[in-house]
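Visitor: If it helps, the file is called upload_27.cif and holds mmCIF, C-alpha atoms:
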data_final
#
loop_
_atom_site.label_atom_id
_atom_site.label_comp_id
_atom_site.auth_asym_id
_atom_site.auth_seq_id
_atom_site.Cartn_x
_atom_site.Cartn_y
_atom_site.Cartn_z
CA MET A 1 -13.36 -23.11 -61.61
CA GLN A 2 -13.55 -21.19 -64.88
CA PHE A 3 -11.82 -22.51 -68.00
CA THR A 4 -11.05 -21.07 -71.44
CA ASN A 5 -14.00 -22.81 -73.08
CA ALA A 6 -17.44 -22.05 -71.64
CA SER A 7 -18.45 -25.57 -72.72
CA ALA A 8 -15.89 -27.23 -70.44
CA GLU A 9 -17.41 -29.57 -67.88
CA PHE A 10 -16.52 -30.42 -64.29
CA LEU A 11 -17.93 -33.60 -62.71
CA VAL A 12 -17.53 -34.80 -59.12
CA PRO A 13 -19.07 -38.29 -59.03
CA ASP A 14 -19.63 -38.38 -55.27
CA GLY A 15 -20.92 -34.82 -55.03
CA LYS A 16 -18.15 -33.32 -52.89
CA PRO A 17 -17.52 -29.55 -53.19
CA GLU A 18 -15.33 -28.69 -56.17
CA ARG A 19 -12.22 -27.58 -54.29
CA GLU A 20 -12.39 -30.44 -51.81
CA ALA A 21 -12.71 -32.89 -54.70
CA LEU A 22 -9.64 -31.46 -56.44
CA GLU A 23 -7.44 -31.19 -53.35
CA ARG A 24 -7.82 -34.89 -52.51
CA ILE A 25 -6.44 -36.01 -55.89
CA THR A 26 -3.11 -37.83 -55.56
CA HIS A 27 -2.91 -39.33 -59.08
CA LEU A 28 -3.89 -37.09 -62.01
CA GLY A 29 -4.36 -38.30 -65.58
CA ILE A 30 -4.15 -35.76 -68.40
CA GLY A 31 -5.31 -37.28 -71.68
CA ALA A 32 -6.17 -35.95 -75.11
CA HIS A 33 -9.33 -37.91 -75.82
CA GLN A 34 -12.17 -39.57 -73.99
CA ASP A 35 -10.97 -43.13 -73.15
CA ASP A 36 -7.24 -42.28 -73.16
CA LEU A 37 -7.08 -42.43 -69.38
CA GLU A 38 -9.07 -45.63 -69.00
CA PHE A 39 -7.03 -47.50 -71.59
CA HIS A 40 -3.57 -46.02 -71.00
CA ALA A 41 -3.52 -44.64 -67.44
CA PHE A 42 -5.33 -47.58 -65.87
CA HIS A 43 -2.40 -47.96 -63.50
CA GLY A 44 -3.40 -44.75 -61.71
CA ILE A 45 -7.08 -45.68 -61.62
CA LEU A 46 -6.22 -49.09 -60.18
CA GLU A 47 -3.82 -47.61 -57.62
CA CYS A 48 -6.57 -45.40 -56.24
CA PHE A 49 -9.73 -47.46 -56.66
CA ALA A 50 -11.58 -47.80 -53.34
CA THR A 51 -8.49 -46.61 -51.45
CA PRO A 52 -9.40 -43.87 -48.95
CA ASP A 53 -6.07 -42.03 -48.98
CA ARG A 54 -5.51 -42.09 -52.75
CA TRP A 55 -7.73 -40.53 -55.37
CA PHE A 56 -7.56 -40.52 -59.17
CA GLY A 57 -8.60 -37.41 -61.07
CA GLY A 58 -9.00 -37.09 -64.81
CA VAL A 59 -8.59 -34.32 -67.37
CA THR A 60 -9.69 -34.89 -70.97
CA CYS A 61 -8.52 -32.07 -73.20
CA THR A 62 -10.36 -32.44 -76.52
CA ASP A 63 -14.00 -32.68 -77.54
CA GLY A 64 -13.77 -36.03 -79.37
CA ALA A 65 -15.44 -34.70 -82.50
CA GLY A 66 -13.00 -36.30 -84.90
CA SER A 67 -13.30 -39.90 -83.75
CA ALA A 68 -13.68 -42.77 -86.22
CA ARG A 69 -17.23 -44.07 -86.57
CA THR A 70 -18.92 -46.96 -88.34
CA GLY A 71 -21.80 -49.30 -87.54
CA PRO A 72 -24.44 -47.77 -85.28
CA TYR A 73 -22.47 -44.51 -85.06
CA ALA A 74 -21.78 -44.10 -88.78
CA THR A 75 -24.32 -41.34 -89.28
CA CYS A 76 -23.53 -39.39 -86.10
CA SER A 77 -22.67 -35.76 -86.65
CA ASP A 78 -19.61 -34.29 -84.98
CA ALA A 79 -21.86 -32.45 -82.53
CA ARG A 80 -23.71 -35.63 -81.57
CA MET A 81 -20.45 -37.54 -81.21
CA VAL A 82 -19.16 -34.87 -78.82
CA GLU A 83 -22.25 -35.39 -76.64
CA ILE A 84 -21.92 -39.16 -76.69
CA ARG A 85 -18.23 -39.21 -75.89
CA ARG A 86 -18.61 -36.66 -73.11
CA GLU A 87 -21.21 -38.80 -71.36
CA GLU A 88 -19.13 -41.95 -71.87
CA GLN A 89 -16.21 -40.24 -70.16
CA ASN A 90 -18.37 -39.11 -67.27
CA GLU A 91 -19.76 -42.62 -66.85
CA ALA A 92 -16.21 -44.00 -66.71
CA ALA A 93 -15.45 -41.48 -63.95
CA ARG A 94 -18.45 -42.74 -61.99
CA ILE A 95 -17.49 -46.40 -62.43
CA GLY A 96 -13.84 -45.71 -61.56
CA ARG A 97 -14.81 -43.61 -58.53
CA TYR A 98 -12.70 -40.67 -59.64
CA ALA A 99 -12.30 -37.72 -57.32
CA ALA A 100 -13.17 -35.44 -60.24
CA MET A 101 -13.43 -35.49 -64.02
CA ILE A 102 -12.73 -32.36 -66.08
CA GLN A 103 -13.43 -32.16 -69.81
CA LEU A 104 -11.88 -29.05 -71.36
CA ASP A 105 -13.61 -29.41 -74.76
CA TYR A 106 -10.84 -28.19 -77.10
CA PRO A 107 -10.92 -29.00 -80.82
CA SER A 108 -7.86 -31.05 -81.76
CA ARG A 109 -6.62 -28.33 -84.11
CA ILE A 110 -6.26 -25.96 -81.15
CA VAL A 111 -4.34 -28.50 -79.07
CA LYS A 112 -1.93 -29.11 -81.97
CA SER A 113 -1.23 -25.40 -82.55
CA PRO A 114 1.94 -23.94 -80.96
CA ALA A 115 0.31 -20.51 -81.03
CA GLU A 116 -2.59 -21.50 -78.75
CA THR A 117 -1.91 -21.25 -75.01
CA GLY A 118 -5.37 -21.75 -73.53
CA LEU A 119 -4.82 -25.42 -72.74
CA LYS A 120 -1.61 -24.72 -70.86
CA ARG A 121 -3.36 -22.02 -68.83
CA ASP A 122 -6.25 -24.34 -67.97
CA LEU A 123 -3.90 -27.15 -66.94
CA THR A 124 -1.84 -24.75 -64.82
CA LYS A 125 -5.02 -23.65 -63.05
CA ILE A 126 -5.97 -27.28 -62.33
CA LEU A 127 -2.49 -28.31 -61.19
CA THR A 128 -2.19 -25.30 -58.90
CA VAL A 129 -5.16 -26.55 -56.89
CA VAL A 130 -4.63 -30.30 -57.20
CA ARG A 131 -0.88 -30.58 -56.51
CA PRO A 132 -0.85 -34.30 -57.44
CA GLU A 133 1.89 -36.70 -56.39
CA VAL A 134 1.79 -38.53 -59.73
CA VAL A 135 0.79 -37.33 -63.20
CA TYR A 136 0.08 -39.58 -66.19
CA THR A 137 0.04 -38.09 -69.68
CA HIS A 138 1.09 -38.95 -73.23
CA ASN A 139 4.69 -39.90 -73.97
CA LEU A 140 6.97 -37.81 -76.18
CA ALA A 141 7.34 -40.44 -78.91
CA ASP A 142 3.61 -40.80 -79.58
CA LYS A 143 2.79 -40.51 -83.29
CA HIS A 144 -0.58 -38.75 -82.72
CA GLU A 145 -0.03 -34.99 -82.97
CA THR A 146 -2.92 -34.21 -80.63
CA HIS A 147 -1.32 -36.45 -78.01
CA ILE A 148 1.95 -34.60 -78.42
CA GLY A 149 0.13 -31.28 -78.06
CA VAL A 150 -1.37 -32.42 -74.75
CA ALA A 151 1.95 -33.76 -73.47
CA ILE A 152 3.74 -30.48 -74.22
CA ALA A 153 0.99 -28.36 -72.66
CA ALA A 154 1.00 -30.56 -69.55
CA LEU A 155 4.79 -30.35 -69.17
CA GLU A 156 4.78 -26.59 -69.67
CA ALA A 157 2.00 -26.20 -67.10
CA MET A 158 3.84 -28.31 -64.52
CA ARG A 159 7.02 -26.30 -65.10
CA GLU A 160 5.14 -23.13 -64.17
CA LEU A 161 4.31 -24.42 -60.69
CA PRO A 162 6.49 -23.52 -57.72
CA ARG A 163 9.11 -26.24 -57.38
CA GLU A 164 7.71 -27.47 -54.09
CA HIS A 165 4.28 -28.01 -55.71
CA ARG A 166 5.42 -29.99 -58.74
CA PRO A 167 4.55 -33.71 -58.99
CA ARG A 168 7.08 -36.20 -57.67
CA LYS A 169 6.51 -38.53 -60.63
CA VAL A 170 5.41 -37.81 -64.21
CA ILE A 171 4.85 -40.75 -66.54
CA GLY A 172 4.28 -40.70 -70.30
CA PHE A 173 2.10 -43.69 -71.16
CA GLU A 174 1.85 -45.82 -74.30
CA ALA A 175 -0.87 -44.98 -76.80
CA TRP A 176 -0.22 -44.47 -80.53
CA ARG A 177 3.16 -46.21 -80.40
CA ASN A 178 4.27 -48.90 -78.03
CA LEU A 179 7.21 -48.22 -75.75
CA ASP A 180 8.76 -51.68 -76.01
CA TRP A 181 11.65 -50.07 -77.92
CA LEU A 182 12.80 -48.16 -74.84
CA PRO A 183 15.96 -49.73 -73.39
CA ASP A 184 14.93 -51.73 -70.34
CA PRO A 185 16.58 -49.36 -67.81
CA ASP A 186 14.50 -46.51 -69.27
CA LYS A 187 11.13 -48.27 -69.04
CA VAL A 188 8.70 -47.31 -66.29
CA LEU A 189 6.92 -50.60 -65.53
CA MET A 190 3.30 -50.25 -64.46
CA ASN A 191 1.73 -53.47 -63.21
CA VAL A 192 -1.96 -53.45 -64.09
CA GLU A 193 -2.96 -56.99 -63.17
CA GLY A 194 -5.93 -57.48 -60.90
CA ASN A 195 -9.49 -56.15 -60.79
CA ASP A 196 -10.43 -57.47 -64.20
CA GLU A 197 -14.03 -56.44 -63.53
CA LEU A 198 -13.05 -52.78 -63.29
CA ARG A 199 -10.87 -52.97 -66.40
CA THR A 200 -13.68 -54.56 -68.39
CA ALA A 201 -16.35 -52.19 -67.11
CA LEU A 202 -14.30 -49.12 -67.99
CA GLY A 203 -13.51 -50.41 -71.46
CA GLN A 204 -17.12 -51.28 -72.24
CA VAL A 205 -18.24 -47.73 -71.44
CA PHE A 206 -16.72 -46.45 -74.67
CA ASP A 207 -19.15 -48.13 -77.02
CA SER A 208 -18.91 -45.28 -79.53
CA GLN A 209 -15.32 -46.32 -80.17
CA ILE A 210 -15.59 -50.09 -79.90
CA ALA A 211 -18.83 -50.56 -81.81
CA GLY A 212 -17.80 -47.56 -83.89
CA GLY A 213 -14.92 -49.45 -85.46
CA LYS A 214 -11.92 -49.46 -83.08
CA ARG A 215 -11.41 -52.45 -80.76
CA TYR A 216 -9.28 -50.55 -78.29
CA ASP A 217 -10.40 -52.86 -75.48
CA LEU A 218 -8.83 -55.92 -77.11
CA ALA A 219 -5.80 -54.04 -78.41
CA ILE A 220 -4.86 -52.59 -75.04
CA GLU A 221 -5.37 -55.89 -73.25
CA GLY A 222 -3.18 -57.61 -75.84
CA ARG A 223 -0.45 -55.02 -75.47
CA SER A 224 -0.34 -55.28 -71.68
CA LEU A 225 -0.20 -59.08 -71.84
CA THR A 226 2.55 -58.90 -74.47
CA ASN A 227 4.57 -56.41 -72.44
CA ALA A 228 4.54 -58.67 -69.40
CA THR A 229 5.81 -61.71 -71.29
CA MET A 230 8.20 -60.06 -73.73
CA LEU A 231 9.97 -57.85 -71.19
CA ASP A 232 12.73 -60.34 -70.40
CA SER A 233 13.75 -63.45 -72.33
CA HIS A 234 15.70 -65.09 -69.51
CA THR A 235 13.43 -64.92 -66.47
CA PRO A 236 9.88 -66.05 -65.71
CA ASP A 237 7.16 -63.43 -65.93
CA THR A 238 6.77 -61.40 -62.76
CA ALA A 239 3.43 -59.88 -63.81
CA THR A 240 0.60 -60.85 -66.14
CA ARG A 241 -0.11 -57.34 -67.44
CA LEU A 242 2.27 -54.41 -67.81
CA ILE A 243 1.96 -50.94 -69.28
CA TYR A 244 5.28 -49.36 -70.22
CA GLY A 245 5.88 -45.72 -69.49
CA MET A 246 8.44 -43.02 -70.31
CA ASP A 247 9.80 -41.15 -67.30
CA LEU A 248 9.10 -37.44 -67.82
CA THR A 249 9.88 -36.44 -64.23
CA PRO A 250 13.27 -34.83 -64.97
CA LEU A 251 11.63 -32.44 -67.44
CA VAL A 252 9.29 -31.20 -64.72
CA LEU A 253 11.88 -30.94 -61.97
CA ASP A 254 14.36 -29.09 -64.20
CA GLU A 255 12.81 -26.66 -66.69
CA SER A 256 16.23 -25.96 -68.22
CA LEU A 257 16.15 -29.39 -69.92
CA ASP A 258 15.26 -29.23 -73.59
CA ILE A 259 12.18 -31.37 -74.32
CA VAL A 260 13.26 -32.28 -77.87
CA GLN A 261 16.74 -33.29 -76.75
CA TYR A 262 15.34 -35.25 -73.82
CA ALA A 263 13.19 -37.33 -76.19
CA GLY A 264 16.12 -37.68 -78.57
CA ASN A 265 18.27 -39.17 -75.83
CA PHE A 266 15.89 -42.13 -75.55
CA LEU A 267 16.11 -42.65 -79.30
CA ASP A 268 19.92 -42.43 -79.22
CA ARG A 269 20.12 -45.10 -76.52
CA PHE A 270 17.83 -47.36 -78.55
CA LYS A 271 19.88 -46.80 -81.70
CA ASN A 272 23.14 -47.48 -79.88
CA ASP A 273 21.78 -50.67 -78.33
CA VAL A 274 20.77 -52.05 -81.74
CA GLN A 275 24.03 -51.09 -83.41
CA ASP A 276 26.21 -52.40 -80.57
CA LYS A 277 24.55 -55.83 -80.60
CA LEU A 278 24.99 -56.13 -84.36
CA ALA A 279 28.57 -54.91 -84.25
CA ARG A 280 29.56 -57.42 -81.54
CA ARG A 281 28.10 -60.32 -83.53
CA LEU A 282 29.82 -59.17 -86.72
CA GLY A 283 33.10 -58.60 -84.94
CA HIS A 284 33.13 -54.89 -85.66
CA SER A 285 34.53 -52.41 -83.21
CA THR A 286 31.79 -50.67 -81.21
CA ARG A 287 31.62 -46.98 -80.40
#
Go through the file and emit its structure as structure tokens.

Guide:
Amino acid sequence: MQFTNASAEFLVPDGKPEREALERITHLGIGAHQDDLEFHAFHGILECFATPDRWFGGVTCTDGAGSARTGPYATCSDARMVEIRREEQNEAARIGRYAAMIQLDYPSRIVKSPAETGLKRDLTKILTVVRPEVVYTHNLADKHETHIGVAIAALEAMRELPREHRPRKVIGFEAWRNLDWLPDPDKVLMNVEGNDELRTALGQVFDSQIAGGKRYDLAIEGRSLTNATMLDSHTPDTATRLIYGMDLTPLVLDESLDIVQYAGNFLDRFKNDVQDKLARRLGHSTR
């Protein structure tokens, strides 16, 4: 499979032929950076791990050159950091037994640019072959512009597929912004308890980030534990770890929906929920 960037890389951990590896994928993660899938789309990895009829596949869109670095990585050049992060991502794919791992090697500035269409074309090419049942990508309220660029490109690519080939479920995962603010009926709840060994092993792969100054491993574990306990104040916990997601499926099934308005509807429901609770307590009339 040929991609826009000649430096893009395709890995099949178990050595299957390329097309066979892609066609077996049932759960596809599309992330901006190396480690996004392992920390934020772990639900898909866990769903498929060592399960013969379900396979996780990963797509990392950027080269990782702009990552924070201190400690042993403080003097790494951008070029060296790209090499390190690429191998970390491939090692995670081996540990997680992915069907395939694709690294498209875009600079973040390209992903953030509305004028650049290469990423959408590459994702369309991948999705045309894979035809996944479930897609995980970044949510529309993420504050990281590169994450938003990936989410938009992924949605646009899925909208270009024939309707019968589009995923049945598309989930925007938490990353640079929690999704605890989503009204409870709007939350996609992803139970990620179990297989602590796999979770730990995947997190430890990304030493360039953890030793390099960002304790994503602890932060993500803390968030999933918090989500499970703080979901409902009146009932016992039903899970020990939860990742919240934003349902993006309607945007893929109906390309006439406006993406900006769709995201705004979540914000409106949150705003109305806050205002209504305050108004009832203060005795004001509600909307």

Visitor: Using all atoms listed in the file, which of A:Pro132, A:Gly172, A:Gly118, A:Gly66 sits nearest Ala153 of chain A?

Guide: A:Gly118

Visitor: Specify the axis-aligned box that encloses all atoms of segment 136-145 of chain A listed in the file after padding of 3 Å on each side, stating its centre and edge lengths in Å to one decimal as lines of an AutoDock Vina configuration file.

Guide:
center_x = 3.4
center_y = -37.9
center_z = -74.7
size_x = 13.9
size_y = 11.8
size_z = 23.1

Visitor: Rank A:Ser7, A:Gln89, A:Gln103, A:Ser67 by their smallest atom-to-atom distance to Glu38 of chain A, using all atoms listed in the file, and report the top residue only.

Guide: A:Gln89

Visitor: At a cut-off of 8 Å, using only C-alpha atoms, what residues contact Thr137 of chain A? Leave out same-chain residues fewer than 6 positions from it and give the result as a list in words.

Guide: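 The residues satisfying every condition are Gly29, Ile30, Gly31, Ala41, Val150, Ala151, Ala154, Val170, Ile171, Gly172 and Phe173 of chain A.
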
Visitor: Go ahead and dump the residues you just picked, C-alpha atoms, as a JSON list (two decimals), keeping the file's coordinate frame.

Guide:
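Dumped to selection39.json:
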[["chain", "number", "residue", "atom", "x", "y", "z"],
["A", 29, "GLY", "CA", -4.36, -38.30, -65.58],
["A", 30, "ILE", "CA", -4.15, -35.76, -68.40],
["A", 31, "GLY", "CA", -5.31, -37.28, -71.68],
["A", 41, "ALA", "CA", -3.52, -44.64, -67.44],
["A", 150, "VAL", "CA", -1.37, -32.42, -74.75],
["A", 151, "ALA", "CA", 1.95, -33.76, -73.47],
["A", 154, "ALA", "CA", 1.00, -30.56, -69.55],
["A", 170, "VAL", "CA", 5.41, -37.81, -64.21],
["A", 171, "ILE", "CA", 4.85, -40.75, -66.54],
["A", 172, "GLY", "CA", 4.28, -40.70, -70.30],
["A", 173, "PHE", "CA", 2.10, -43.69, -71.16]]

Visitor: Using the chain letters and numbers from the file, which residues does the PyMOL selection byres ((chain A and resi 24) around 9) grab, as a PDB file with C-alpha atoms, keeping the file's coordinate frame?

Guide:
ATOM      1  CA  ARG A  19     -12.220 -27.580 -54.290  1.00  0.00           C
ATOM      2  CA  GLU A  20     -12.390 -30.440 -51.810  1.00  0.00           C
ATOM      3  CA  ALA A  21     -12.710 -32.890 -54.700  1.00  0.00           C
ATOM      4  CA  LEU A  22      -9.640 -31.460 -56.440  1.00  0.00           C
ATOM      5  CA  GLU A  23      -7.440 -31.190 -53.350  1.00  0.00           C
ATOM      6  CA  ILE A  25      -6.440 -36.010 -55.890  1.00  0.00           C
ATOM      7  CA  THR A  26      -3.110 -37.830 -55.560  1.00  0.00           C
ATOM      8  CA  ASP A  53      -6.070 -42.030 -48.980  1.00  0.00           C
ATOM      9  CA  ARG A  54      -5.510 -42.090 -52.750  1.00  0.00           C
ATOM     10  CA  TRP A  55      -7.730 -40.530 -55.370  1.00  0.00           C
ATOM     11  CA  PHE A  56      -7.560 -40.520 -59.170  1.00  0.00           C
ATOM     12  CA  GLY A  57      -8.600 -37.410 -61.070  1.00  0.00           C
ATOM     13  CA  ALA A  99     -12.300 -37.720 -57.320  1.00  0.00           C
ATOM     14  CA  VAL A 130      -4.630 -30.300 -57.200  1.00  0.00           C
ATOM     15  CA  PRO A 132      -0.850 -34.300 -57.440  1.00  0.00           C
TER      16      PRO A 132
END

Visitor: Name the residues that the PyMOL selection byres ((chain A and resi 181) around 12) pulls out of this structure, and write them as a list of chain:residue names.

Guide: A:Ala141, A:Glu174, A:Arg177, A:Asn178, A:Leu179, A:Asp180, A:Leu182, A:Pro183, A:Asp184, A:Pro185, A:Asp186, A:Lys187, A:Asn227, A:Met230, A:Leu231, A:Tyr244, A:Gly245, A:Met246, A:Phe266, A:Leu267, A:Asp268, A:Arg269, A:Phe270, A:Lys271, A:Asn272, A:Asp273, A:Val274

Visitor: List the spatial neighbours of Pro13 of chain A as a VMD selection string - criterion: any atom at most 8 Å away, all atoms listed in the file, same-chain residues fewer than 3 positions off excluded.

Guide: chain A and resid 16 93 to 94 97 to 100

Visitor: Which residues fall under the PyMOL selection byres ((chain A and resi 228) around 9) in this file, as number ranges by chain?

Guide: A: 191, 223-227, 229-232, 237-243

Visitor: Using C-alpha atoms, can you write the selected residues to a file as a short mmCIF file (atom, residue, chain, number, x, y, z; two decimals), in the coordinates of the input?

Guide:
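Once written, selection-v1.cif looks like this:
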data_model
loop_
_atom_site.label_atom_id
_atom_site.label_comp_id
_atom_site.auth_asym_id
_atom_site.auth_seq_id
_atom_site.Cartn_x
_atom_site.Cartn_y
_atom_site.Cartn_z
CA ASN A 191 1.73 -53.47 -63.21
CA ARG A 223 -0.45 -55.02 -75.47
CA SER A 224 -0.34 -55.28 -71.68
CA LEU A 225 -0.20 -59.08 -71.84
CA THR A 226 2.55 -58.90 -74.47
CA ASN A 227 4.57 -56.41 -72.44
CA THR A 229 5.81 -61.71 -71.29
CA MET A 230 8.20 -60.06 -73.73
CA LEU A 231 9.97 -57.85 -71.19
CA ASP A 232 12.73 -60.34 -70.40
CA ASP A 237 7.16 -63.43 -65.93
CA THR A 238 6.77 -61.40 -62.76
CA ALA A 239 3.43 -59.88 -63.81
CA THR A 240 0.60 -60.85 -66.14
CA ARG A 241 -0.11 -57.34 -67.44
CA LEU A 242 2.27 -54.41 -67.81
CA ILE A 243 1.96 -50.94 -69.28
#

Visitor: If we count all atoms listed in the file, what is near Thr4 of chain A at a cut-off of 8 Å, once residues fewer than 4 positions away on the same chain are taken out, given as a PyMOL selection string?

Guide: chain A and resi 8+118-119+122

Visitor: Tell me which of A:Tyr136, A:Leu198, A:Thr124, A:Met158 sits closest to Ala50 of chain A, counting only C-alpha atoms.

Guide: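 Answer, going by the shortest atom-to-atom distance: A:Leu198.
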